[in-house]
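What's in model_14.cif: mmCIF, C-alpha atoms and all ligand atoms
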```cif
data_run
#
loop_
_atom_site.label_atom_id
_atom_site.label_comp_id
_atom_site.auth_asym_id
_atom_site.auth_seq_id
_atom_site.Cartn_x
_atom_site.Cartn_y
_atom_site.Cartn_z
CA MET Q 1 13.98 21.70 7.18
CA ASN Q 2 12.97 20.60 10.67
CA LEU Q 3 9.84 18.88 11.92
CA GLU Q 4 8.10 22.12 12.94
CA GLU Q 5 8.57 23.51 9.42
CA ILE Q 6 6.57 20.65 7.90
CA LYS Q 7 3.07 22.02 7.43
CA LYS Q 8 1.82 20.85 4.04
CA ILE Q 9 1.85 17.29 2.84
CA LEU Q 10 1.47 16.34 -0.80
CA VAL Q 11 0.23 12.79 -1.42
CA ILE Q 12 0.70 11.80 -5.06
CA GLY Q 13 -1.67 9.04 -6.18
CA SER Q 14 -5.09 8.80 -4.54
CA GLY Q 15 -5.56 5.02 -4.73
CA THR Q 16 -5.61 2.46 -1.93
CA MET Q 17 -2.51 3.81 -0.19
CA GLY Q 18 -2.74 7.50 -1.03
CA GLN Q 19 -6.18 7.58 0.62
CA GLN Q 20 -4.85 5.96 3.81
CA ILE Q 21 -1.70 8.08 4.00
CA GLY Q 22 -3.61 11.28 3.27
CA LEU Q 23 -6.12 10.56 6.01
CA VAL Q 24 -3.54 9.58 8.62
CA CYS Q 25 -1.62 12.83 8.00
CA ALA Q 26 -4.84 14.88 8.17
CA MET Q 27 -5.97 13.09 11.35
CA ASN Q 28 -2.72 14.24 12.91
CA GLY Q 29 -3.30 17.88 12.05
CA TYR Q 30 -1.50 18.30 8.72
CA ASP Q 31 -2.90 20.03 5.67
CA VAL Q 32 -2.89 17.47 2.88
CA THR Q 33 -3.18 17.83 -0.86
CA LEU Q 34 -4.28 14.61 -2.53
CA HIS Q 35 -3.18 14.57 -6.14
CA ASP Q 36 -4.24 12.26 -8.96
CA LEU Q 37 -4.64 12.38 -12.73
CA SER Q 38 -8.29 13.45 -12.86
CA GLU Q 39 -11.07 15.06 -10.83
CA GLU Q 40 -13.14 11.95 -11.37
CA LEU Q 41 -10.53 9.75 -9.65
CA LEU Q 42 -10.26 12.24 -6.81
CA VAL Q 43 -14.03 12.31 -6.23
CA LYS Q 44 -13.98 8.52 -5.86
CA ALA Q 45 -10.91 8.70 -3.61
CA MET Q 46 -12.49 11.30 -1.32
CA ALA Q 47 -15.62 9.14 -1.00
CA ARG Q 48 -13.41 6.27 0.17
CA VAL Q 49 -11.50 8.55 2.55
CA ARG Q 50 -14.82 9.63 4.12
CA LYS Q 51 -15.88 6.00 4.42
CA MET Q 52 -12.57 5.17 6.12
CA ALA Q 53 -12.94 8.12 8.52
CA ASN Q 54 -16.48 6.96 9.38
CA GLY Q 55 -15.05 3.50 10.08
CA TYR Q 56 -12.60 5.07 12.54
CA VAL Q 57 -15.53 6.88 14.22
CA ARG Q 58 -17.49 3.62 14.52
CA ALA Q 59 -14.41 1.93 15.99
CA GLY Q 60 -14.07 4.73 18.57
CA ARG Q 61 -10.72 5.89 17.19
CA LEU Q 62 -11.99 9.35 16.21
CA SER Q 63 -14.89 11.53 17.31
CA GLN Q 64 -17.33 12.72 14.66
CA ALA Q 65 -15.88 16.24 14.96
CA GLU Q 66 -12.28 15.01 14.60
CA ALA Q 67 -13.22 13.00 11.52
CA ALA Q 68 -14.94 16.03 9.94
CA ALA Q 69 -11.94 18.25 10.73
CA ALA Q 70 -9.54 15.71 9.21
CA ILE Q 71 -11.59 15.49 6.00
CA ASP Q 72 -11.64 19.31 5.82
CA ARG Q 73 -7.84 19.37 5.91
CA ILE Q 74 -7.62 17.27 2.73
CA SER Q 75 -7.73 19.18 -0.57
CA PRO Q 76 -8.02 17.10 -3.72
CA SER Q 77 -6.19 18.51 -6.76
CA SER Q 78 -5.56 17.17 -10.23
CA ASP Q 79 -3.33 20.13 -11.10
CA PRO Q 80 0.33 19.27 -10.39
CA GLU Q 81 1.38 22.96 -10.20
CA GLY Q 82 -1.22 23.88 -7.61
CA ALA Q 83 -0.72 20.63 -5.71
CA GLY Q 84 3.07 20.82 -5.43
CA ARG Q 85 3.83 24.53 -5.17
CA ASP Q 86 3.95 24.76 -1.37
CA ALA Q 87 4.50 21.11 -0.36
CA ASP Q 88 6.93 20.57 2.52
CA PHE Q 89 6.73 16.80 2.50
CA VAL Q 90 5.83 14.56 -0.44
CA SER Q 91 4.58 10.98 -0.19
CA GLU Q 92 4.34 9.23 -3.55
CA SER Q 93 1.88 6.33 -4.05
CA VAL Q 94 1.54 5.92 -7.82
CA PRO Q 95 1.57 2.39 -9.32
CA GLU Q 96 4.58 0.16 -8.77
CA ASP Q 97 6.50 1.05 -11.92
CA PRO Q 98 10.01 2.53 -11.59
CA VAL Q 99 9.77 4.45 -14.87
CA LEU Q 100 6.46 6.05 -13.89
CA LYS Q 101 7.73 6.86 -10.39
CA GLY Q 102 10.85 8.47 -11.87
CA ARG Q 103 8.71 10.57 -14.23
CA VAL Q 104 6.44 11.69 -11.42
CA PHE Q 105 9.37 12.68 -9.17
CA ALA Q 106 11.04 14.59 -12.00
CA LEU Q 107 7.81 16.50 -12.63
CA PHE Q 108 7.37 17.44 -8.97
CA ASN Q 109 11.05 18.29 -8.56
CA GLY Q 110 10.39 21.09 -11.01
CA ILE Q 111 7.34 22.27 -9.04
CA CYS Q 112 7.98 21.72 -5.31
CA PRO Q 113 10.15 24.04 -3.22
CA GLU Q 114 13.83 23.24 -2.90
CA ARG Q 115 13.37 22.35 0.80
CA SER Q 116 10.67 19.66 0.28
CA ILE Q 117 11.40 16.15 1.43
CA PHE Q 118 10.42 13.51 -1.13
CA THR Q 119 9.42 9.97 -0.13
CA THR Q 120 8.21 6.92 -2.00
CA ASN Q 121 5.78 4.36 -0.66
CA THR Q 122 7.04 1.67 -3.07
CA SER Q 123 6.47 -1.88 -1.79
CA THR Q 124 9.10 -3.80 -3.66
CA LEU Q 125 11.47 -1.38 -5.42
CA ILE Q 126 14.41 0.48 -3.88
CA PRO Q 127 14.79 4.27 -3.73
CA SER Q 128 18.13 4.37 -5.58
CA MET Q 129 16.17 3.32 -8.70
CA PHE Q 130 14.71 6.83 -8.96
CA ALA Q 131 16.83 8.90 -6.55
CA GLU Q 132 18.44 10.88 -9.39
CA ALA Q 133 15.04 11.65 -10.94
CA THR Q 134 13.98 13.41 -7.72
CA GLY Q 135 16.69 16.04 -8.34
CA ARG Q 136 17.29 16.01 -4.56
CA PRO Q 137 18.73 12.59 -3.71
CA ASP Q 138 19.92 13.74 -0.27
CA ARG Q 139 16.33 14.70 0.68
CA PHE Q 140 14.78 11.50 -0.62
CA ALA Q 141 14.13 8.06 0.90
CA ALA Q 142 11.52 5.34 0.95
CA PHE Q 143 8.88 5.84 3.62
CA HIS Q 144 6.63 2.83 3.41
CA PHE Q 145 3.27 2.29 5.05
CA HIS Q 146 1.47 -0.98 5.56
CA ASP Q 147 -2.33 -1.07 5.79
CA VAL Q 148 -2.74 1.98 8.04
CA ARG Q 149 -6.19 0.83 9.17
CA PHE Q 150 -4.67 -2.15 10.97
CA THR Q 151 -1.06 -1.34 11.78
CA ASN Q 152 1.10 1.67 12.49
CA LEU Q 153 4.45 0.14 11.59
CA VAL Q 154 6.28 2.03 8.83
CA ASP Q 155 9.59 1.33 7.10
CA ILE Q 156 12.16 4.02 6.39
CA MET Q 157 14.74 2.97 3.83
CA PRO Q 158 17.47 5.43 2.81
CA HIS Q 159 19.51 4.93 -0.36
CA PRO Q 160 23.27 5.53 -0.20
CA GLY Q 161 22.82 9.25 -1.02
CA THR Q 162 20.12 10.04 1.57
CA SER Q 163 21.40 12.45 4.22
CA GLU Q 164 21.37 11.44 7.85
CA ALA Q 165 19.27 14.55 8.63
CA THR Q 166 16.59 13.41 6.17
CA VAL Q 167 16.39 9.97 7.80
CA ARG Q 168 16.03 11.55 11.28
CA LEU Q 169 13.40 13.99 9.99
CA ILE Q 170 11.31 11.22 8.39
CA GLU Q 171 11.56 9.21 11.64
CA ASP Q 172 10.32 12.24 13.62
CA PHE Q 173 7.55 12.90 11.12
CA ALA Q 174 6.48 9.23 11.30
CA ARG Q 175 6.16 9.45 15.08
CA ARG Q 176 4.28 12.76 14.81
CA ILE Q 177 1.62 11.03 12.69
CA GLY Q 178 1.36 8.13 15.14
CA GLN Q 179 3.52 5.62 13.25
CA ASN Q 180 6.33 3.45 14.60
CA PRO Q 181 9.33 3.55 12.28
CA VAL Q 182 11.68 0.70 11.47
CA THR Q 183 14.75 2.21 9.77
CA LEU Q 184 16.76 -0.12 7.54
CA LYS Q 185 20.55 -0.13 7.68
CA LYS Q 186 20.71 -0.50 3.90
CA GLU Q 187 18.48 -0.89 0.85
CA ASN Q 188 16.66 -4.18 0.59
CA TYR Q 189 13.94 -5.21 -1.86
CA GLY Q 190 10.78 -5.56 0.22
CA TYR Q 191 12.18 -3.84 3.33
CA VAL Q 192 11.84 -6.18 6.31
CA PHE Q 193 8.24 -7.32 6.54
CA ASN Q 194 7.49 -7.29 2.79
CA ALA Q 195 10.62 -9.36 2.10
CA MET Q 196 9.10 -12.07 4.26
CA LEU Q 197 5.58 -11.46 2.92
CA SER Q 198 6.61 -11.73 -0.76
CA ALA Q 199 8.24 -15.12 -0.23
CA TRP Q 200 5.02 -16.31 1.42
CA LEU Q 201 2.71 -14.87 -1.27
CA ASP Q 202 4.91 -16.20 -4.10
CA THR Q 203 4.65 -19.70 -2.65
CA ALA Q 204 0.87 -19.44 -2.16
CA GLU Q 205 0.40 -18.17 -5.74
CA ALA Q 206 2.58 -20.99 -7.11
CA LEU Q 207 0.52 -23.61 -5.22
CA ALA Q 208 -2.66 -22.26 -6.85
CA ALA Q 209 -1.17 -21.46 -10.29
CA ASN Q 210 0.34 -24.97 -10.50
CA GLU Q 211 -3.04 -26.43 -9.51
CA VAL Q 212 -1.64 -28.11 -6.42
CA SER Q 213 -4.39 -26.74 -4.22
CA SER Q 214 -7.38 -24.40 -4.19
CA VAL Q 215 -7.22 -20.77 -3.11
CA GLU Q 216 -9.54 -21.59 -0.19
CA ASP Q 217 -7.50 -24.58 1.01
CA ILE Q 218 -4.25 -22.60 0.82
CA ASP Q 219 -5.77 -19.83 2.94
CA ARG Q 220 -7.42 -22.35 5.25
CA SER Q 221 -4.10 -24.13 5.88
CA TRP Q 222 -2.35 -20.95 6.91
CA MET Q 223 -5.25 -19.67 8.98
CA ALA Q 224 -5.89 -22.95 10.78
CA VAL Q 225 -2.32 -23.77 11.74
CA PHE Q 226 -1.25 -20.26 12.72
CA HIS Q 227 -4.68 -19.23 14.12
CA MET Q 228 -4.74 -16.30 11.72
CA PRO Q 229 -7.82 -14.30 10.69
CA ILE Q 230 -6.65 -14.09 7.05
CA GLY Q 231 -4.58 -16.15 4.61
CA PRO Q 232 -2.39 -15.21 1.62
CA PHE Q 233 -5.23 -14.78 -0.90
CA GLY Q 234 -7.27 -12.70 1.55
CA ILE Q 235 -4.15 -10.55 1.90
CA ILE Q 236 -3.77 -10.24 -1.90
CA ASP Q 237 -7.43 -9.14 -2.07
CA SER Q 238 -6.71 -6.40 0.47
CA ILE Q 239 -3.54 -5.25 -1.36
CA GLY Q 240 -5.20 -5.32 -4.80
CA LEU Q 241 -4.57 -8.02 -7.44
CA ASP Q 242 -3.39 -5.41 -9.94
CA THR Q 243 -0.72 -4.17 -7.52
CA VAL Q 244 0.51 -7.71 -6.79
CA TRP Q 245 0.38 -8.55 -10.52
CA LYS Q 246 2.57 -5.54 -11.31
CA VAL Q 247 5.20 -6.78 -8.86
CA ASN Q 248 5.10 -10.30 -10.31
CA ASP Q 249 5.20 -9.05 -13.87
CA PHE Q 250 8.16 -6.77 -13.12
CA TRP Q 251 10.25 -9.50 -11.44
CA ALA Q 252 9.24 -12.17 -13.97
CA THR Q 253 10.74 -9.93 -16.66
CA GLN Q 254 13.74 -8.74 -14.64
CA LEU Q 255 14.77 -12.23 -13.54
CA ASN Q 256 13.34 -14.15 -16.50
CA HIS Q 257 11.65 -16.28 -13.87
CA GLY Q 258 9.21 -18.91 -15.15
CA GLN Q 259 7.23 -19.41 -11.95
CA PHE Q 260 6.85 -15.66 -11.38
CA ARG Q 261 5.51 -15.40 -14.96
CA LYS Q 262 3.05 -18.22 -14.25
CA ASN Q 263 1.98 -16.53 -11.01
CA ALA Q 264 1.47 -13.24 -12.89
CA GLU Q 265 -0.69 -14.99 -15.52
CA PHE Q 266 -2.73 -16.63 -12.78
CA LEU Q 267 -3.45 -13.22 -11.19
CA LYS Q 268 -4.15 -11.70 -14.60
CA SER Q 269 -6.92 -14.24 -15.23
CA TYR Q 270 -8.80 -12.72 -12.26
CA ILE Q 271 -7.92 -9.12 -13.15
CA ASP Q 272 -9.32 -9.64 -16.67
CA GLN Q 273 -12.69 -10.42 -15.05
CA GLY Q 274 -12.57 -7.14 -13.09
CA ARG Q 275 -11.66 -9.00 -9.91
CA LEU Q 276 -9.15 -6.58 -8.40
CA GLY Q 277 -9.83 -7.50 -4.77
CA GLU Q 278 -11.57 -5.65 -1.97
CA LYS Q 279 -11.42 -2.33 -3.83
CA SER Q 280 -13.57 -3.65 -6.70
CA GLY Q 281 -15.86 -5.73 -4.46
CA ARG Q 282 -14.51 -9.02 -5.89
CA GLY Q 283 -11.14 -10.69 -6.02
CA PHE Q 284 -10.50 -14.23 -4.87
CA TYR Q 285 -13.44 -13.61 -2.53
CA GLU Q 286 -16.60 -11.50 -2.67
CA TYR Q 287 -16.86 -8.41 -0.43
CA PRO Q 288 -18.00 -7.11 2.03
CA ASP Q 289 -18.54 -10.62 3.52
CA PRO Q 290 -15.74 -12.80 2.17
CA GLU Q 291 -16.03 -16.53 2.69
CA PHE Q 292 -12.83 -16.69 4.76
CA ARG Q 293 -14.40 -14.54 7.50
CA LYS Q 294 -17.27 -16.99 8.01
CA PRO Q 295 -17.04 -18.99 11.24
CA ASP Q 296 -16.83 -22.44 9.62
CA PHE Q 297 -14.24 -21.49 6.94
CA LYS Q 298 -11.22 -22.73 8.90
CA THR Q 299 -12.79 -26.07 9.82
CA ASN Q 300 -14.41 -26.60 6.41
CA ARG Q 301 -16.80 -28.87 8.22
CA LYS Q 302 -19.88 -29.76 6.28
CA LYS Q 303 -22.96 -30.56 8.32
CA VAL Q 304 -22.94 -34.30 8.94
CA PRO Q 305 -26.35 -35.67 7.92
CA GLU Q 306 -28.42 -37.30 10.66
CA PRO Q 307 -28.04 -41.06 10.45
CA GLY Q 308 -31.07 -42.60 8.75
CA ILE Q 309 -33.16 -44.93 10.86
N1 LIG T 401 -1.88 -1.63 -1.87
C1 LIG T 401 -1.09 -1.86 -0.83
O1 LIG T 401 -1.45 -2.62 0.09
C2 LIG T 401 0.24 -1.17 -0.72
C3 LIG T 401 0.89 -1.13 0.55
C4 LIG T 401 2.10 -0.42 0.66
C5 LIG T 401 2.66 0.18 -0.45
N2 LIG T 401 2.03 0.11 -1.67
C6 LIG T 401 2.65 0.80 -2.80
O2 LIG T 401 1.98 2.05 -2.93
C7 LIG T 401 1.98 2.42 -4.32
C8 LIG T 401 0.55 2.64 -4.77
O3 LIG T 401 -0.19 1.46 -4.58
P1 LIG T 401 -1.79 1.49 -4.47
O4 LIG T 401 -2.19 0.13 -4.04
O5 LIG T 401 -2.24 2.68 -3.72
O6 LIG T 401 -2.15 1.66 -6.03
P2 LIG T 401 -3.55 2.10 -6.69
O7 LIG T 401 -3.54 1.54 -8.04
O8 LIG T 401 -4.68 1.81 -5.76
O9 LIG T 401 -3.39 3.71 -6.77
C9 LIG T 401 -2.46 4.36 -7.59
C10 LIG T 401 -3.01 5.73 -7.94
O10 LIG T 401 -1.99 6.48 -8.63
C11 LIG T 401 -2.63 7.23 -9.64
N3 LIG T 401 -1.67 7.63 -10.66
C12 LIG T 401 -1.18 6.92 -11.71
N4 LIG T 401 -0.32 7.67 -12.42
C13 LIG T 401 -0.25 8.87 -11.80
C14 LIG T 401 0.47 10.06 -12.06
N5 LIG T 401 1.30 10.17 -13.11
N6 LIG T 401 0.30 11.11 -11.22
C15 LIG T 401 -0.55 11.03 -10.18
N7 LIG T 401 -1.25 9.92 -9.87
C16 LIG T 401 -1.12 8.85 -10.67
C17 LIG T 401 -3.71 6.29 -10.19
O11 LIG T 401 -4.69 7.00 -10.91
C18 LIG T 401 -4.23 5.66 -8.89
O12 LIG T 401 -5.30 6.39 -8.33
C19 LIG T 401 2.70 1.30 -5.07
O13 LIG T 401 4.05 1.63 -5.21
C20 LIG T 401 2.54 0.12 -4.14
O14 LIG T 401 3.57 -0.83 -4.31
C21 LIG T 401 0.83 -0.54 -1.82
#
```

Spit out the file's structure as structure tokens when you get a sec.
Ligand SMILES: NC(=O)c1ccc[n+]([C@@H]2O[C@H](COP(=O)([O-])OP(=O)(O)OC[C@H]3O[C@@H](n4cnc5c(N)ncnc54)[C@H](O)[C@@H]3O)[C@@H](O)[C@H]2O)c1
Amino acid sequence: MNLEEIKKILVIGSGTMGQQIGLVCAMNGYDVTLHDLSEELLVKAMARVRKMANGYVRAGRLSQAEAAAAIDRISPSSDPEGAGRDADFVSESVPEDPVLKGRVFALFNGICPERSIFTTNTSTLIPSMFAEATGRPDRFAAFHFHDVRFTNLVDIMPHPGTSEATVRLIEDFARRIGQNPVTLKKENYGYVFNAMLSAWLDTAEALAANEVSSVEDIDRSWMAVFHMPIGPFGIIDSIGLDTVWKVNDFWATQLNHGQFRKNAEFLKSYIDQGRLGEKSGRGFYEYPDPEFRKPDFKTNRKKVPEPGI
């Protein structure tokens, strides 16, 4: 398989990341099939994809015609057979659960052509965890996107059985869809950026879960000192509390780690109230106008009352 032979992209999972990846591929001229478990989920996903494309138009990144053409190139499908039959390149974005990912890859290995390249968008796992389940370990690697709306850095992480040709092909494909690849020399939990990010988020969660400080003050501290537009809890809202909880829950169990368990329980208390972050309109903050974007959030300055006469 070479770059010119890649025509059809299959994106498995039409949630936060599947929507972004599907749109970025379609914006760059690829035919995309967006696959999820039900038509209902796909209708919701396509509505969000359209909203995202309109956002790109408003920001001057796409013309109206380009946005419409990109949307037309995306076909939603809840039927695995139809979705996978002619896929040249697969990008998997189902929830962060190695057993589920393995099951999904095994299913699509039985459906997709022999030549298809399989990739996982996992944030915190490593591809060797499910390389065998893909049935094509040499044509499989992690190909990890960040929030595509704001950055075009992607990670490529081969496992020991990934062929050199597959790594080069994924790098070329990344550039073809306007992304800048960082290829890891070896597997590492959290790639490069996420390895640093997780340490930061874990610490922020522990400060709140241990009742050392408030969510707002933790964000405010980071934002004020580093002159950042967003802090750790704003970031968790944009990732999705359920996604971050899954990571915490997994590592709390794997490592029998008390603080990770406490952090997971802290996140769960929000999730149980339907506060999943930006995607559900509420997380640590309320959307679309979260408190941390207000001009006086960083200073936390209350209006000083006029001195009485
Ligand atoms: N959210 C982020 O900021 C982010 C960034 C980079 C990578 N990731 C990774 O991307 C992956 C997906 O994360 P997300 O935030 O998009 O999750 P999400 O929960 O928003 O979406 C997951 C989607 O997968 C679907 N799904 C579940 N089981 C399925 C199956 N068997 N077949 C097909 N679809 C199925 C769900 O219905 C859902 O629509 C995770 O591995 C996550 O770690 C997330």

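Taking all atoms listed in the file into account, the protein and nucleic acid residues that come at most 7 Å from ligand LIG 401 (chain T) are Ile12, Gly13, Ser14, Gly15, Thr16, Met17, Gly18, His35, Asp36, Leu37, Leu41, Ser93, Val94, Pro95, Glu96, Leu100, Val104, Asn121, Thr122, Ser123, Thr124, His144, Phe145, His146, Asp147, Ser238, Ile239, Gly240 and Thr243 of chain Q.
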
Every residue with an atom at most 8 Å from (-5.6, 19.1, -10.2) (file coordinates; all atoms listed in the file) is what I'm after, so could you write them as a PDB file with C-alpha atoms, in the coordinates of the input?
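Result file part-v3.pdb:
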```pdb
ATOM      1  CA  HIS Q  35      -3.180  14.570  -6.140  1.00  0.00           C
ATOM      2  CA  ASP Q  36      -4.240  12.260  -8.960  1.00  0.00           C
ATOM      3  CA  LEU Q  37      -4.640  12.380 -12.730  1.00  0.00           C
ATOM      4  CA  SER Q  38      -8.290  13.450 -12.860  1.00  0.00           C
ATOM      5  CA  GLU Q  39     -11.070  15.060 -10.830  1.00  0.00           C
ATOM      6  CA  PRO Q  76      -8.020  17.100  -3.720  1.00  0.00           C
ATOM      7  CA  SER Q  77      -6.190  18.510  -6.760  1.00  0.00           C
ATOM      8  CA  SER Q  78      -5.560  17.170 -10.230  1.00  0.00           C
ATOM      9  CA  ASP Q  79      -3.330  20.130 -11.100  1.00  0.00           C
ATOM     10  CA  PRO Q  80       0.330  19.270 -10.390  1.00  0.00           C
ATOM     11  CA  GLU Q  81       1.380  22.960 -10.200  1.00  0.00           C
ATOM     12  CA  GLY Q  82      -1.220  23.880  -7.610  1.00  0.00           C
ATOM     13  CA  ALA Q  83      -0.720  20.630  -5.710  1.00  0.00           C
TER      14      ALA Q  83
END
```

Selection as a list in words: residues within 6 Å of (5.7, 3.9, 10.6), counting all atoms listed in the file: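 Neighbouring residues, ordered by chain and number, come to Asn152, Leu153, Val154, Asp155, Ala174, Gln179, Asn180 and Pro181 of chain Q.
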
Residue subset to file, keeping C-alpha atoms, as a compact mmCIF listing (two decimals), in the frame of the given file:
```txt
# COMPACT_ATOMS: atom_id res chain seq x y z
CA ASN Q 152 1.10 1.67 12.49
CA LEU Q 153 4.45 0.14 11.59
CA VAL Q 154 6.28 2.03 8.83
CA ASP Q 155 9.59 1.33 7.10
CA ALA Q 174 6.48 9.23 11.30
CA GLN Q 179 3.52 5.62 13.25
CA ASN Q 180 6.33 3.45 14.60
CA PRO Q 181 9.33 3.55 12.28
```

Hey, which bits of segment 67-119 of chain Q sit within 10 Å of segment 156-170 of chain Q, and for each residue what's the closest pair of atoms and how far apart in Å (one decimal), counting only C-alpha atoms, rows by chain and increasing number, as a tab-separated table?
```
residue	atom	partner	partner_atom	distance
Q:Phe89	CA	Q:Ile170	CA	9.3
Q:Ile117	CA	Q:Thr166	CA	7.5
Q:Phe118	CA	Q:Thr166	CA	9.6
Q:Thr119	CA	Q:Ile170	CA	8.8
```

Atomic distance atom CA of Glu5 of chain Q - atom CA of Asp138 of chain Q, expressed in Å with one decimal: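 Here the two named atoms are 17.8 Å from each other.
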
Nearest to Arg115 of chain Q by atom-to-atom distance, counting only C-alpha atoms, from Q:Leu201, Q:Ala133, Q:Val215, Q:Val90: Q:Val90

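Pairwise distance (atom CA of Glu114 of chain Q, atom CA of Arg73 of chain Q) equals 23.7 Å.
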
Kindly provide, as lines of an AutoDock Vina configuration file, the centre and edge lengths (Å, one decimal) of an axis-aligned box around all atoms of segment 48-56 of chain Q given in the file, with 5 Å on each side.
```
center_x = -14.0
center_y = 6.6
center_z = 6.4
size_x = 15.0
size_y = 16.1
size_z = 22.4
```

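Between atom CA of Ser214 of chain Q and atom CA of Arg301 of chain Q there is a distance of 16.2 Å.
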
Selected residue, from Q:Met52, Q:Ala142, Q:Val11, Q:Cys25, that lies nearest to Ser91 of chain Q when counting all atoms listed in the file: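 Under the stated criterion, the closest residue is Q:Val11.
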
Minimum-distance residue to Phe140 of chain Q, chosen among Q:Gly283, Q:Ala209, Q:Phe173, Q:Phe105 (using all atoms listed in the file): Q:Phe105

Non-local contacts of Ile111 of chain Q (7 Å; all atoms listed in the file; under 4 positions in same chain excluded) as a PyMOL selection string: chain Q and resi 81+84-85+107

Distance query Thr299 of chain Q at most 10 Å, only C-alpha atoms, self and fewer than 5 positions along chain excluded, as an MDAnalysis selection string: chainID Q and resid 220:221 223:224

Within 8 Å of Asn54 of chain Q using all atoms listed in the file, minus same-chain residues under 4 positions, as a ChimeraX atom specification: /Q:50,58,64,67

Residue among Q:Met196, Q:Ile230, Q:Ala87, Q:Ile21 lying closest to Phe143 of chain Q, counting all atoms listed in the file: Q:Ile21

Distance query Gly102 of chain Q at most 10 Å, only C-alpha atoms, self and fewer than 3 positions along chain excluded, as JSON, numbers by chain: {"Q": [97, 98, 99, 105, 106, 107, 127, 129, 130, 131, 132, 133, 134]}

Which residue of Q:Asn188, Q:Asn210, Q:Ser128, Q:Ser280 approaches Asn263 of chain Q most closely, using all atoms listed in the file: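 With all atoms listed in the file as the atom set, the closest residue is Q:Asn210.
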
Will you model N, CA, C and O atoms for segment 284-295 of chain Q and pass it back as a compact mmCIF listing (two decimals), in the coordinates of the input?
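Ended up saving to out20.txt:
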```txt
# COMPACT_ATOMS: atom_id res chain seq x y z
N PHE Q 284 -10.37 -12.78 -5.09
CA PHE Q 284 -10.50 -14.23 -4.87
C PHE Q 284 -11.79 -14.50 -4.10
O PHE Q 284 -12.36 -15.57 -4.17
N TYR Q 285 -12.21 -13.51 -3.33
CA TYR Q 285 -13.44 -13.61 -2.53
C TYR Q 285 -14.36 -12.45 -2.90
O TYR Q 285 -13.96 -11.51 -3.57
N GLU Q 286 -15.62 -12.56 -2.42
CA GLU Q 286 -16.60 -11.50 -2.67
C GLU Q 286 -16.72 -10.65 -1.41
O GLU Q 286 -16.80 -11.20 -0.30
N TYR Q 287 -16.80 -9.34 -1.58
CA TYR Q 287 -16.86 -8.41 -0.43
C TYR Q 287 -18.22 -7.71 -0.41
O TYR Q 287 -18.83 -7.58 -1.45
N PRO Q 288 -18.70 -7.33 0.76
CA PRO Q 288 -18.00 -7.11 2.03
C PRO Q 288 -17.97 -8.33 2.97
O PRO Q 288 -17.42 -8.20 4.07
N ASP Q 289 -18.54 -9.47 2.59
CA ASP Q 289 -18.54 -10.62 3.52
C ASP Q 289 -17.80 -11.80 2.91
O ASP Q 289 -18.41 -12.79 2.52
N PRO Q 290 -16.48 -11.72 2.83
CA PRO Q 290 -15.74 -12.80 2.17
C PRO Q 290 -15.88 -14.12 2.93
O PRO Q 290 -16.00 -14.12 4.16
N GLU Q 291 -15.87 -15.18 2.16
CA GLU Q 291 -16.03 -16.53 2.69
C GLU Q 291 -15.06 -16.82 3.86
O GLU Q 291 -15.43 -17.45 4.84
N PHE Q 292 -13.83 -16.31 3.74
CA PHE Q 292 -12.83 -16.69 4.76
C PHE Q 292 -13.12 -16.08 6.13
O PHE Q 292 -12.53 -16.49 7.12
N ARG Q 293 -14.05 -15.12 6.18
CA ARG Q 293 -14.40 -14.54 7.50
C ARG Q 293 -15.56 -15.29 8.14
O ARG Q 293 -15.93 -15.01 9.26
N LYS Q 294 -16.14 -16.25 7.44
CA LYS Q 294 -17.27 -16.99 8.01
C LYS Q 294 -16.75 -17.98 9.05
O LYS Q 294 -15.65 -18.53 8.90
N PRO Q 295 -17.54 -18.21 10.10
CA PRO Q 295 -17.04 -18.99 11.24
C PRO Q 295 -16.57 -20.40 10.88
O PRO Q 295 -15.63 -20.90 11.48
```
